[in-house]
file my_file00.cif (mmCIF, C-alpha atoms and all ligand atoms)
data_protein
loop_
_atom_site.label_atom_id
_atom_site.label_comp_id
_atom_site.auth_asym_id
_atom_site.auth_seq_id
_atom_site.Cartn_x
_atom_site.Cartn_y
_atom_site.Cartn_z
CA MET S 1 76.35 -169.63 18.50
CA GLN S 2 74.41 -171.43 15.79
CA ASP S 3 74.68 -171.40 12.01
CA ALA S 4 72.15 -172.26 9.32
CA ILE S 5 73.16 -175.93 9.42
CA THR S 6 73.11 -176.46 13.18
CA ALA S 7 69.84 -174.50 13.40
CA VAL S 8 68.17 -176.99 11.04
CA ILE S 9 69.74 -180.03 12.67
CA ASN S 10 68.88 -178.91 16.21
CA SER S 11 65.25 -178.35 15.36
CA TYR S 12 64.92 -181.82 13.75
CA ASP S 13 66.91 -183.50 16.50
CA VAL S 14 64.53 -182.31 19.22
CA GLN S 15 61.69 -183.90 17.23
CA GLY S 16 63.72 -187.06 16.55
CA LYS S 17 63.08 -186.68 12.82
CA TYR S 18 65.11 -187.05 9.63
CA LEU S 19 65.37 -183.93 7.48
CA ASP S 20 62.33 -183.36 5.26
CA ASN S 21 62.07 -181.35 2.05
CA SER S 22 61.72 -178.03 3.78
CA ALA S 23 64.89 -178.68 5.79
CA ILE S 24 66.75 -179.81 2.67
CA ASP S 25 65.64 -176.65 0.83
CA LYS S 26 67.00 -174.49 3.66
CA LEU S 27 70.35 -176.27 3.53
CA LYS S 28 70.48 -176.10 -0.27
CA SER S 29 69.92 -172.38 -0.31
CA PHE S 30 72.59 -171.89 2.37
CA PHE S 31 75.14 -173.93 0.42
CA ALA S 32 74.19 -172.26 -2.86
CA THR S 33 74.97 -168.84 -1.39
CA GLY S 34 78.19 -169.98 0.35
CA GLU S 35 80.55 -168.54 -2.23
CA LEU S 36 78.62 -165.23 -2.21
CA ARG S 37 78.84 -165.00 1.58
CA VAL S 38 82.56 -165.75 1.75
CA ARG S 39 83.37 -163.27 -1.01
CA ALA S 40 81.27 -160.55 0.67
CA ALA S 41 82.98 -161.19 4.01
CA ALA S 42 86.40 -160.78 2.38
CA THR S 43 85.38 -157.52 0.69
CA ILE S 44 83.92 -156.15 3.92
CA ALA S 45 87.03 -157.12 5.89
CA ALA S 46 89.25 -155.32 3.39
CA ASN S 47 87.11 -152.18 3.52
CA ALA S 48 85.79 -152.11 7.08
CA SER S 49 87.23 -148.77 8.16
CA THR S 50 86.02 -147.08 4.95
CA ILE S 51 82.52 -148.49 5.45
CA VAL S 52 82.39 -147.17 9.01
CA LYS S 53 83.84 -143.78 8.05
CA ASP S 54 81.48 -143.26 5.09
CA ALA S 55 78.45 -144.33 7.11
CA ALA S 56 79.41 -142.02 10.00
CA ALA S 57 79.80 -139.13 7.55
CA LYS S 58 76.38 -139.91 6.08
CA ALA S 59 74.46 -140.36 9.31
CA LEU S 60 76.23 -138.67 12.21
CA LEU S 61 78.84 -136.03 11.46
CA TYR S 62 78.08 -132.32 11.57
CA SER S 63 74.92 -133.02 13.55
CA ASP S 64 74.04 -131.95 17.09
CA LEU S 65 75.58 -135.21 18.28
CA THR S 66 79.12 -133.96 17.64
CA ARG S 67 78.54 -130.51 19.20
CA PRO S 68 78.92 -129.67 22.89
CA GLY S 69 76.20 -131.51 24.81
CA GLY S 70 75.86 -134.17 22.11
CA ASN S 71 76.54 -137.81 22.91
CA MET S 72 79.50 -137.98 20.46
CA TYR S 73 81.09 -134.82 21.81
CA THR S 74 84.63 -135.26 23.18
CA THR S 75 87.15 -137.51 21.52
CA ARG S 76 86.48 -140.34 23.95
CA ARG S 77 82.78 -140.55 23.15
CA TYR S 78 83.35 -140.00 19.43
CA ALA S 79 85.80 -142.92 19.45
CA ALA S 80 83.36 -145.09 21.44
CA CYS S 81 80.68 -144.47 18.80
CA ILE S 82 82.98 -145.33 15.88
CA ARG S 83 84.10 -148.44 17.78
CA ASP S 84 80.46 -149.47 18.31
CA MET S 85 79.81 -149.09 14.57
CA ASP S 86 82.78 -151.34 13.87
CA TYR S 87 81.34 -153.93 16.30
CA TYR S 88 78.02 -153.88 14.43
CA LEU S 89 79.72 -154.29 11.07
CA ARG S 90 81.97 -157.11 12.25
CA TYR S 91 79.22 -159.06 14.01
CA ALA S 92 76.75 -158.55 11.14
CA THR S 93 79.43 -160.04 8.87
CA TYR S 94 79.88 -163.06 11.18
CA ALA S 95 76.11 -163.59 11.29
CA MET S 96 75.87 -163.28 7.50
CA LEU S 97 78.59 -165.94 7.11
CA ALA S 98 76.79 -168.22 9.58
CA GLY S 99 73.38 -167.51 8.02
CA ASP S 100 72.00 -167.17 11.54
CA THR S 101 71.23 -164.38 14.01
CA SER S 102 72.11 -166.18 17.25
CA ILE S 103 75.58 -164.64 17.53
CA LEU S 104 73.96 -161.20 17.48
CA ASP S 105 71.66 -162.06 20.37
CA GLU S 106 74.47 -163.58 22.40
CA ARG S 107 77.35 -161.18 21.84
CA VAL S 108 75.85 -157.86 20.74
CA LEU S 109 72.24 -157.29 21.74
CA ASN S 110 72.29 -158.90 25.17
CA GLY S 111 71.96 -155.95 27.60
CA LEU S 112 72.88 -153.38 24.95
CA LYS S 113 69.70 -151.32 25.05
CA GLU S 114 69.91 -151.02 28.84
CA THR S 115 73.57 -149.92 28.57
CA TYR S 116 72.70 -147.29 25.93
CA ASN S 117 69.78 -146.00 27.97
CA SER S 118 71.85 -145.69 31.12
CA LEU S 119 74.61 -143.79 29.26
CA GLY S 120 72.23 -141.60 27.27
CA VAL S 121 73.44 -143.00 23.94
CA PRO S 122 70.67 -142.12 21.45
CA VAL S 123 69.18 -145.30 20.00
CA GLY S 124 67.50 -143.57 17.05
CA ALA S 125 70.77 -142.07 15.80
CA THR S 126 72.53 -145.40 16.33
CA ILE S 127 69.94 -147.13 14.16
CA GLN S 128 70.43 -144.46 11.48
CA ALA S 129 74.17 -145.15 11.57
CA ILE S 130 73.54 -148.91 11.20
CA GLN S 131 71.19 -148.27 8.29
CA ALA S 132 73.82 -146.05 6.67
CA MET S 133 76.33 -148.93 6.98
CA LYS S 134 73.76 -151.18 5.32
CA GLU S 135 73.61 -148.82 2.31
CA VAL S 136 77.36 -148.29 2.09
CA THR S 137 78.00 -152.05 2.37
CA ALA S 138 75.43 -152.90 -0.31
CA ALA S 139 77.03 -150.39 -2.69
CA LEU S 140 80.36 -152.12 -2.11
CA VAL S 141 79.44 -155.83 -2.23
CA GLY S 142 76.60 -155.69 -4.74
CA ALA S 143 72.85 -156.20 -4.51
CA ASP S 144 72.66 -159.92 -3.64
CA ALA S 145 75.28 -159.92 -0.89
CA GLY S 146 74.03 -156.49 0.19
CA LYS S 147 70.56 -157.92 0.72
CA GLU S 148 72.01 -160.77 2.76
CA MET S 149 73.98 -158.35 4.97
CA GLY S 150 70.86 -156.19 5.25
CA VAL S 151 69.08 -158.97 7.12
CA TYR S 152 71.62 -158.74 9.94
CA PHE S 153 71.93 -154.95 10.04
CA ASP S 154 68.13 -154.87 10.30
CA TYR S 155 68.19 -157.51 13.04
CA ILE S 156 70.56 -155.36 15.13
CA SER S 157 68.43 -152.27 14.45
CA SER S 158 65.21 -153.93 15.58
CA GLY S 159 66.94 -155.43 18.60
CA LEU S 160 67.89 -151.92 19.66
CA SER S 161 64.52 -150.26 19.03
C1 LIG G 201 80.72 -156.32 20.91
C2 LIG G 201 79.49 -155.91 21.61
C3 LIG G 201 79.58 -154.57 22.30
C4 LIG G 201 78.83 -153.45 22.04
C5 LIG G 201 77.79 -153.31 20.99
C6 LIG G 201 79.22 -152.43 22.98
C7 LIG G 201 78.65 -151.17 23.08
C8 LIG G 201 78.91 -150.16 24.05
N1 LIG G 201 78.93 -148.84 23.74
C9 LIG G 201 79.23 -148.10 24.84
C10 LIG G 201 79.38 -146.71 24.93
C11 LIG G 201 79.13 -145.72 23.93
N2 LIG G 201 78.53 -145.88 22.72
C12 LIG G 201 78.45 -144.68 22.07
C13 LIG G 201 77.84 -144.59 20.75
C14 LIG G 201 77.16 -143.56 20.11
N3 LIG G 201 76.87 -142.33 20.58
C15 LIG G 201 76.21 -141.59 19.65
O1 LIG G 201 75.77 -140.45 19.81
C16 LIG G 201 76.08 -142.33 18.38
C17 LIG G 201 74.66 -142.30 17.83
C18 LIG G 201 76.56 -143.72 18.75
C19 LIG G 201 77.49 -144.34 17.68
C20 LIG G 201 76.74 -144.80 16.47
C21 LIG G 201 79.06 -143.70 22.89
C22 LIG G 201 79.26 -142.23 22.60
C23 LIG G 201 79.48 -144.35 24.07
C24 LIG G 201 80.15 -143.72 25.27
C25 LIG G 201 79.10 -143.13 26.18
C26 LIG G 201 79.68 -142.54 27.44
O2 LIG G 201 80.54 -143.21 28.08
O3 LIG G 201 79.30 -141.44 27.78
C27 LIG G 201 79.37 -149.00 25.95
C28 LIG G 201 79.69 -148.60 27.37
C29 LIG G 201 81.11 -148.95 27.76
C30 LIG G 201 82.14 -148.29 26.89
O4 LIG G 201 82.13 -147.04 26.76
O5 LIG G 201 82.91 -149.03 26.29
C31 LIG G 201 79.15 -150.28 25.46
C32 LIG G 201 79.15 -151.56 26.27
N4 LIG G 201 80.21 -152.94 23.76
C33 LIG G 201 80.46 -154.23 23.40
O6 LIG G 201 81.32 -155.01 23.90
#

call {"tool": "encode", "arguments": {"input": "my_file00.cif", "output": "structure tokens"}}
result
Amino acid sequence: MQDAITAVINSYDVQGKYLDNSAIDKLKSFFATGELRVRAAATIAANASTIVKDAAAKALLYSDLTRPGGNMYTTRRYAACIRDMDYYLRYATYAMLAGDTSILDERVLNGLKETYNSLGVPVGATIQAIQAMKEVTAALVGADAGKEMGVYFDYISSGLS
């Protein structure tokens, strides 16, 4: 896993260079948003189950998915879906704190699409659920932190599509 700082350092280290202005600007903007990121992570942690529940209600419930034949039908599959949404929220929050997407590649997206395809989990509906979490989260943490979280919800969505 990388963060915004190690990402900059690694890329300059392989070139054997000191940080230039563009690297310094990247670090400055990461540090300047540090307080915002930590506060957003705390708010999300305190409201995680509400975020997942509200997003599921918005995007998934009372659709064909929850009726017989749908991928969320039966308590086991319903619970697996809600659990997956919680994974996406938790890992998007880690990535937002780190200011880097590498944790999403390594721990979430690696092999996920293949798993979903083999189990018949609908990717389109999953992306809608992730986008609903993006909206619900932004309403909770405010526009600036919401935009920051949006980067990582979108990264998961495009990794799935
Ligand atoms: C931390 C990283 C991580 C992720 C992301 C993850 C996802 C993940 N979701 C799974 C299943 C599943 N995922 C869903 C999800 C859904 N079905 C729908 O219709 C909805 C659109 C959607 C919820 C938004 C369902 C229903 C299953 C069970 C499918 C089945 O067994 O038939 C499985 C198969 C194994 C299992 O059931 O636990 C994995 C590996 N596991 C991990 O360790």

call {"tool": "residues_near_ligand", "arguments": {"input": "my_file00.cif", "ligand": "ligand LIG 201 (chain G)", "cutoff": "10 Å", "atoms": "all atoms listed in the file", "output": "short mmCIF file (atom, residue, chain, number, x, y, z; two decimals) with C-alpha atoms, in the frame of the given file"}}
result
data_model
loop_
_atom_site.label_atom_id
_atom_site.label_comp_id
_atom_site.auth_asym_id
_atom_site.auth_seq_id
_atom_site.Cartn_x
_atom_site.Cartn_y
_atom_site.Cartn_z
CA VAL S 52 82.39 -147.17 9.01
CA ALA S 55 78.45 -144.33 7.11
CA ALA S 56 79.41 -142.02 10.00
CA ALA S 59 74.46 -140.36 9.31
CA LEU S 60 76.23 -138.67 12.21
CA LEU S 61 78.84 -136.03 11.46
CA SER S 63 74.92 -133.02 13.55
CA ASP S 64 74.04 -131.95 17.09
CA LEU S 65 75.58 -135.21 18.28
CA THR S 66 79.12 -133.96 17.64
CA GLY S 70 75.86 -134.17 22.11
CA ASN S 71 76.54 -137.81 22.91
CA MET S 72 79.50 -137.98 20.46
CA TYR S 73 81.09 -134.82 21.81
CA THR S 74 84.63 -135.26 23.18
CA THR S 75 87.15 -137.51 21.52
CA ARG S 76 86.48 -140.34 23.95
CA ARG S 77 82.78 -140.55 23.15
CA TYR S 78 83.35 -140.00 19.43
CA ALA S 79 85.80 -142.92 19.45
CA ALA S 80 83.36 -145.09 21.44
CA CYS S 81 80.68 -144.47 18.80
CA ILE S 82 82.98 -145.33 15.88
CA ARG S 83 84.10 -148.44 17.78
CA ASP S 84 80.46 -149.47 18.31
CA MET S 85 79.81 -149.09 14.57
CA ASP S 86 82.78 -151.34 13.87
CA TYR S 87 81.34 -153.93 16.30
CA TYR S 88 78.02 -153.88 14.43
CA ARG S 90 81.97 -157.11 12.25
CA TYR S 91 79.22 -159.06 14.01
CA LEU S 104 73.96 -161.20 17.48
CA GLU S 106 74.47 -163.58 22.40
CA ARG S 107 77.35 -161.18 21.84
CA VAL S 108 75.85 -157.86 20.74
CA LEU S 109 72.24 -157.29 21.74
CA ASN S 110 72.29 -158.90 25.17
CA GLY S 111 71.96 -155.95 27.60
CA LEU S 112 72.88 -153.38 24.95
CA LYS S 113 69.70 -151.32 25.05
CA GLU S 114 69.91 -151.02 28.84
CA THR S 115 73.57 -149.92 28.57
CA TYR S 116 72.70 -147.29 25.93
CA ASN S 117 69.78 -146.00 27.97
CA SER S 118 71.85 -145.69 31.12
CA LEU S 119 74.61 -143.79 29.26
CA GLY S 120 72.23 -141.60 27.27
CA VAL S 121 73.44 -143.00 23.94
CA PRO S 122 70.67 -142.12 21.45
CA VAL S 123 69.18 -145.30 20.00
CA GLY S 124 67.50 -143.57 17.05
CA ALA S 125 70.77 -142.07 15.80
CA THR S 126 72.53 -145.40 16.33
CA ILE S 127 69.94 -147.13 14.16
CA GLN S 128 70.43 -144.46 11.48
CA ALA S 129 74.17 -145.15 11.57
CA ILE S 130 73.54 -148.91 11.20
CA ILE S 156 70.56 -155.36 15.13
#

call {"tool": "residues_around", "arguments": {"input": "my_file00.cif", "residues": "Asp154 of chain S", "least_positions_apart": "4", "cutoff": "9 Å", "atoms": "all atoms listed in the file", "output": "PDB file with C-alpha atoms, keeping the file's coordinate frame"}}
result
ATOM      1  CA  ILE S 127      69.940-147.130  14.160  1.00  0.00           C
ATOM      2  CA  ILE S 130      73.540-148.910  11.200  1.00  0.00           C
ATOM      3  CA  GLN S 131      71.190-148.270   8.290  1.00  0.00           C
ATOM      4  CA  LYS S 134      73.760-151.180   5.320  1.00  0.00           C
ATOM      5  CA  MET S 149      73.980-158.350   4.970  1.00  0.00           C
ATOM      6  CA  GLY S 150      70.860-156.190   5.250  1.00  0.00           C
ATOM      7  CA  SER S 158      65.210-153.930  15.580  1.00  0.00           C
ATOM      8  CA  GLY S 159      66.940-155.430  18.600  1.00  0.00           C
TER       9      GLY S 159
END

call {"tool": "residues_around", "arguments": {"input": "my_file00.cif", "residues": "segment 49-51 of chain S", "least_positions_apart": "4", "cutoff": "9 Å", "atoms": "all atoms listed in the file", "output": "list in words"}}
result
Ile44, Ala45, Ala55, Ala56, Asp86, Leu89, Met133, Val136, Thr137 and Leu140 of chain S

call {"tool": "atom_distance", "arguments": {"input": "my_file00.cif", "atom1": "atom CA of Val38 of chain S", "atom2": "atom CA of Ser11 of chain S"}}
result
25.4 Å

call {"tool": "axis_aligned_box", "arguments": {"input": "my_file00.cif", "around": "segment 103-107 of chain S", "padding_each_side": "3 Å", "output": "AutoDock Vina command-line options"}}
result
--center_x 74.5 --center_y -162.9 --center_z 19.9 --size_x 11.7 --size_y 9.5 --size_z 10.9

call {"tool": "atom_distance", "arguments": {"input": "my_file00.cif", "atom1": "atom CA of Ala40 of chain S", "atom2": "atom CA of Gly99 of chain S"}}
result
12.8 Å

call {"tool": "atom_distance", "arguments": {"input": "my_file00.cif", "atom1": "atom CA of Asn10 of chain S", "atom2": "atom CA of Tyr94 of chain S"}}
result
19.9 Å

call {"tool": "closest_residue", "arguments": {"input": "my_file00.cif", "among": "S:Val141, S:Ala92, S:Val151, S:Leu27", "to": "Asn47 of chain S", "atoms": "only C-alpha atoms"}}
result
S:Val141

call {"tool": "residues_near_point", "arguments": {"input": "my_file00.cif", "point": "(74.7, -166.1, 10.5)", "cutoff": "12 Å", "atoms": "all atoms listed in the file", "output": "MDAnalysis selection string"}}
result
chainID S and resid 1:7 30 34 37:38 41 90:105 148:153 155
